[in-house]
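Asker: Handing you this structure, nothing more for now.
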Amino acid sequence: MSERSLSIWRIGILLAAVAGVLSTAALGRWQLARADEKQALTDQRLSKAAMAPVQWSELGRAGEGIENRQALLHRSVLLKGHWEAEKTVYLDNRQMQGRAGFYVVTPLVLNGGGVAILVQRGWVPRSFTDRQSLPKVTAPDAEVALQAHLAPWPSRMYDFAGVERGPIRQNLDLHDFRSETGLPLLEVSAVQAGPASEGLLREWPQVASGIEKHHGYAFQWFGLSALIALLYVWFQIVQPRRKQKNG
């Protein structure tokens with residue numbers, strides 16, 4: 001190989017190494033930035049949870065004050081009203097303590113009659129011998145008062161074509177359920193707090209922030225960046241000099 005070709009080859013390797021170091025370092029910084037964003041969201045969620053409870057009268061009516069209710073997410077709330085027990089839905093394939101079962105959700109018509117909220121009341125195991133069997137869950141007929149925290153509408157597990165019906169479902173669509181029940185349901189839900197009762201367990205899983213994952217990815221990218229730099233120095237600087245010295 002001529003001296004000119006060798007110089008071009010070395011420049012190409014240098015540029016490739018610099019590009020590799022810079023790109024992997026940038027990906028590491030991006031992962032750290034994502035970790036900072038999620039840490040801020042986690043801190044915000046914890047800060048809201050520590051605030052004074054929201055009263056049910058502050059939630060407004062369905063279709064009104066949506067922005068306000070979004071700002072109230074993750075805050076504790078005191079609810080008073082009456083269960084619409086016959087409209088209870090069992091959301092399938094939900095886990096608690098590593099066991100599969102149902103999240104039991106029931107609309108609660110709040111005092112004043114102008115609005116209802118879907119309450120995620122707790123978890124029950126399902127029967128694996130009879131897939132259509134419903135666990136025994138009670139709901140008082142009288143007025144109830146309960147403590148909860150405001151959360152988004154229950155997340156979707158799977159996407160099925162068409163509208164699901166019946167007490168056992170995979171998902172619950174807000175607009176379809178409003179039409180089905182005729183209730184002025186809010187677009188947020190409430191996750192009931194407290195010890196097990198009414199046949200329901202309430203050891204809700206903590207929402208993972210994913211911060212550790214991003215830190216791990218950042219470490220990998222920075223490690224790869226350092227490796228590229230070390231390999232370049234070893235093969236393009238140290239080794240040639242050793243050969244010249246020994247030759």
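Letters for chains follow the order of the structure tokens (A, B, ...), residue numbers begin at 1 for each chain, and ligand numbers begin at 1 in the order shown.
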Which residues are near region 23-25 of chain A? Cut-off 9 Å, only C-alpha atoms, ignore same chain within fewer than 4 positions. Put them as a list in words.

Answerer: Val18, Ala19, Arg29, Trp30, Ala218, Trp221, Phe222, Gly223, Leu224, Ser225 and Ala226 of chain A

Asker: Where does region 134-195 of chain A meet region 106-109 of chain A within 9 Å, residue by residue, with the nearest atom pair and distance in Å to one decimal for each, counting only C-alpha atoms, listed by chain and rising number, as JSON lines?

Answerer:
```
{"residue": "A:Leu183", "atom": "CA", "partner": "A:Val109", "partner_atom": "CA", "distance": 8.2}
{"residue": "A:Pro184", "atom": "CA", "partner": "A:Val109", "partner_atom": "CA", "distance": 8.8}
{"residue": "A:Leu185", "atom": "CA", "partner": "A:Pro107", "partner_atom": "CA", "distance": 7.8}
```

Asker: For those residues, write C-alpha atoms to a file as a compact mmCIF listing (two decimals), in the first residue's frame.

Answerer:
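Just written: result24.txt:
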```
# COMPACT_ATOMS: atom_id res chain seq x y z
CA LEU A 183 -73.83 7.51 33.37
CA PRO A 184 -72.02 10.88 33.19
CA LEU A 185 -68.66 9.23 33.84
```

Asker: Which residues of region 203-241 of chain A come within 10 Å of region 76-98 of chain A, and what is each one's closest atom pair and distance in Å (one decimal), counting only C-alpha atoms, sorted by chain and residue number, as a tab-separated table?

Answerer:
```
residue	atom	partner	partner_atom	distance
A:Glu203	CA	A:Met96	CA	7.0
A:Trp204	CA	A:Met96	CA	6.9
A:Pro205	CA	A:Met96	CA	6.9
```

Asker: Listing only residues of region 146-207 of chain A within 10 Å of region 37-58 of chain A, what is the closest atom pair and its distance in Å (to one decimal) for each, using only C-alpha atoms, sorted by chain and residue number ascending, as JSON lines?

Answerer:
```
{"residue": "A:Gln147", "atom": "CA", "partner": "A:Pro53", "partner_atom": "CA", "distance": 8.7}
{"residue": "A:Ala148", "atom": "CA", "partner": "A:Pro53", "partner_atom": "CA", "distance": 9.0}
{"residue": "A:His149", "atom": "CA", "partner": "A:Ala49", "partner_atom": "CA", "distance": 7.8}
{"residue": "A:Leu150", "atom": "CA", "partner": "A:Val54", "partner_atom": "CA", "distance": 9.1}
{"residue": "A:Val207", "atom": "CA", "partner": "A:Thr42", "partner_atom": "CA", "distance": 9.1}
```

Asker: Could you please write out, as a ChimeraX atom specification, every residue of region 24-175 of chain A that DSSP assigns to strand (DSSP E)?

Answerer: /A:54-55,76-83,89-96,99-110,116-125,144-152,168-169

Asker: Residues of the last selection are to be written out with N, CA and C atoms, as a short mmCIF file (atom, residue, chain, number, x, y, z; two decimals), in the first residue's frame.

Answerer:
```cif
data_model
loop_
_atom_site.label_atom_id
_atom_site.label_comp_id
_atom_site.auth_asym_id
_atom_site.auth_seq_id
_atom_site.Cartn_x
_atom_site.Cartn_y
_atom_site.Cartn_z
N VAL A 54 -58.41 15.77 47.67
CA VAL A 54 -59.41 16.47 46.89
C VAL A 54 -60.79 16.01 47.34
N GLN A 55 -61.75 16.92 47.42
CA GLN A 55 -63.13 16.56 47.74
C GLN A 55 -63.88 16.22 46.46
N SER A 76 -54.70 12.30 46.28
CA SER A 76 -55.68 11.52 47.02
C SER A 76 -57.03 12.24 46.94
N VAL A 77 -58.10 11.47 47.05
CA VAL A 77 -59.44 12.04 46.91
C VAL A 77 -60.38 11.34 47.88
N LEU A 78 -61.30 12.10 48.44
CA LEU A 78 -62.34 11.56 49.30
C LEU A 78 -63.65 11.52 48.52
N LEU A 79 -64.22 10.34 48.38
CA LEU A 79 -65.42 10.15 47.57
C LEU A 79 -66.59 9.70 48.45
N LYS A 80 -67.76 10.26 48.13
CA LYS A 80 -69.00 9.82 48.78
C LYS A 80 -70.06 9.64 47.71
N GLY A 81 -70.76 8.53 47.79
CA GLY A 81 -71.80 8.29 46.80
C GLY A 81 -72.39 6.91 46.91
N HIS A 82 -73.00 6.44 45.84
CA HIS A 82 -73.66 5.14 45.81
C HIS A 82 -73.11 4.32 44.65
N TRP A 83 -72.84 3.04 44.92
CA TRP A 83 -72.34 2.14 43.89
C TRP A 83 -73.42 1.82 42.87
N VAL A 89 -67.59 -4.32 36.33
CA VAL A 89 -66.85 -5.02 35.27
C VAL A 89 -65.60 -5.64 35.88
N TYR A 90 -65.28 -6.84 35.42
CA TYR A 90 -64.08 -7.55 35.85
C TYR A 90 -63.05 -7.49 34.72
N LEU A 91 -62.00 -6.71 34.92
CA LEU A 91 -60.96 -6.57 33.90
C LEU A 91 -59.99 -7.74 34.04
N ASP A 92 -59.92 -8.55 33.00
CA ASP A 92 -59.17 -9.80 33.05
C ASP A 92 -57.67 -9.59 32.81
N ASN A 93 -56.90 -10.61 33.21
CA ASN A 93 -55.44 -10.64 33.00
C ASN A 93 -54.72 -9.51 33.71
N ARG A 94 -55.19 -9.18 34.90
CA ARG A 94 -54.48 -8.23 35.75
C ARG A 94 -53.81 -9.00 36.88
N GLN A 95 -52.67 -8.50 37.30
CA GLN A 95 -51.90 -9.22 38.32
C GLN A 95 -51.77 -8.41 39.60
N MET A 96 -51.68 -9.16 40.70
CA MET A 96 -51.35 -8.58 41.99
C MET A 96 -50.60 -9.65 42.78
N ARG A 99 -49.88 -12.89 40.95
CA ARG A 99 -50.96 -13.82 40.62
C ARG A 99 -51.91 -13.18 39.61
N ALA A 100 -52.44 -14.01 38.72
CA ALA A 100 -53.37 -13.50 37.69
C ALA A 100 -54.79 -13.46 38.24
N GLY A 101 -55.51 -12.48 37.80
CA GLY A 101 -56.91 -12.35 38.24
C GLY A 101 -57.59 -11.17 37.58
N PHE A 102 -58.53 -10.57 38.32
CA PHE A 102 -59.31 -9.45 37.80
C PHE A 102 -59.06 -8.19 38.62
N TYR A 103 -59.08 -7.04 37.93
CA TYR A 103 -59.31 -5.77 38.60
C TYR A 103 -60.82 -5.54 38.54
N VAL A 104 -61.41 -5.30 39.69
CA VAL A 104 -62.85 -5.08 39.76
C VAL A 104 -63.11 -3.58 39.74
N VAL A 105 -63.89 -3.13 38.75
CA VAL A 105 -64.19 -1.70 38.61
C VAL A 105 -65.70 -1.50 38.64
N THR A 106 -66.12 -0.50 39.40
CA THR A 106 -67.54 -0.21 39.56
C THR A 106 -67.77 1.29 39.50
N PRO A 107 -68.76 1.76 38.76
CA PRO A 107 -69.07 3.20 38.79
C PRO A 107 -69.63 3.60 40.15
N LEU A 108 -69.21 4.76 40.61
CA LEU A 108 -69.74 5.34 41.85
C LEU A 108 -70.40 6.66 41.49
N VAL A 109 -71.71 6.76 41.71
CA VAL A 109 -72.43 8.01 41.48
C VAL A 109 -72.21 8.89 42.69
N LEU A 110 -71.53 10.01 42.48
CA LEU A 110 -71.18 10.88 43.59
C LEU A 110 -72.38 11.65 44.11
N ALA A 116 -70.45 10.76 37.83
CA ALA A 116 -70.04 9.45 38.33
C ALA A 116 -68.58 9.24 38.00
N ILE A 117 -67.93 8.40 38.77
CA ILE A 117 -66.52 8.11 38.55
C ILE A 117 -66.32 6.60 38.61
N LEU A 118 -65.48 6.09 37.74
CA LEU A 118 -65.16 4.67 37.76
C LEU A 118 -64.11 4.42 38.83
N VAL A 119 -64.45 3.52 39.75
CA VAL A 119 -63.54 3.22 40.86
C VAL A 119 -62.89 1.86 40.61
N GLN A 120 -61.58 1.85 40.60
CA GLN A 120 -60.83 0.58 40.58
C GLN A 120 -60.78 0.10 42.03
N ARG A 121 -61.70 -0.82 42.35
CA ARG A 121 -61.95 -1.16 43.75
C ARG A 121 -60.94 -2.12 44.34
N GLY A 122 -60.33 -2.96 43.52
CA GLY A 122 -59.38 -3.92 44.05
C GLY A 122 -59.21 -5.09 43.10
N TRP A 123 -58.55 -6.12 43.60
CA TRP A 123 -58.20 -7.28 42.77
C TRP A 123 -58.75 -8.55 43.40
N VAL A 124 -59.17 -9.49 42.55
CA VAL A 124 -59.60 -10.82 43.01
C VAL A 124 -58.98 -11.88 42.10
N PRO A 125 -58.67 -13.06 42.64
CA PRO A 125 -58.15 -14.13 41.77
C PRO A 125 -59.28 -14.70 40.93
N VAL A 144 -71.67 5.18 50.52
CA VAL A 144 -70.32 4.79 50.95
C VAL A 144 -69.40 6.00 50.91
N ALA A 145 -68.41 5.97 51.76
CA ALA A 145 -67.35 6.97 51.76
C ALA A 145 -66.03 6.22 51.66
N LEU A 146 -65.21 6.62 50.73
CA LEU A 146 -63.95 5.90 50.55
C LEU A 146 -62.83 6.84 50.18
N GLN A 147 -61.62 6.38 50.45
CA GLN A 147 -60.43 7.14 50.12
C GLN A 147 -59.76 6.48 48.93
N ALA A 148 -59.26 7.28 48.03
CA ALA A 148 -58.64 6.76 46.81
C ALA A 148 -57.63 7.78 46.32
N HIS A 149 -57.02 7.48 45.18
CA HIS A 149 -56.24 8.51 44.49
C HIS A 149 -56.69 8.53 43.04
N LEU A 150 -56.66 9.71 42.45
CA LEU A 150 -57.11 9.88 41.08
C LEU A 150 -56.07 9.34 40.11
N ALA A 151 -56.54 8.63 39.11
CA ALA A 151 -55.65 7.99 38.14
C ALA A 151 -56.27 8.09 36.75
N PRO A 152 -55.48 7.88 35.71
CA PRO A 152 -56.07 7.84 34.37
C PRO A 152 -57.07 6.69 34.25
N ILE A 168 -67.05 -9.79 32.21
CA ILE A 168 -65.62 -10.05 32.09
C ILE A 168 -65.12 -9.44 30.77
N ARG A 169 -64.13 -8.56 30.87
CA ARG A 169 -63.61 -7.89 29.68
C ARG A 169 -62.10 -7.71 29.82
#
```

Asker: So the first atom is CA of Gln236 (chain A) and the second is CA of Gln220 (chain A); what is the distance between them in Å, to one decimal place?

Answerer: 23.7 Å

Asker: Using DSSP assignments from the backbone, pull out every residue in region 150-188 of chain A that falls under alpha helix (DSSP H) and give it to me as a PyMOL selection string.

Answerer: chain A and resi 174-181
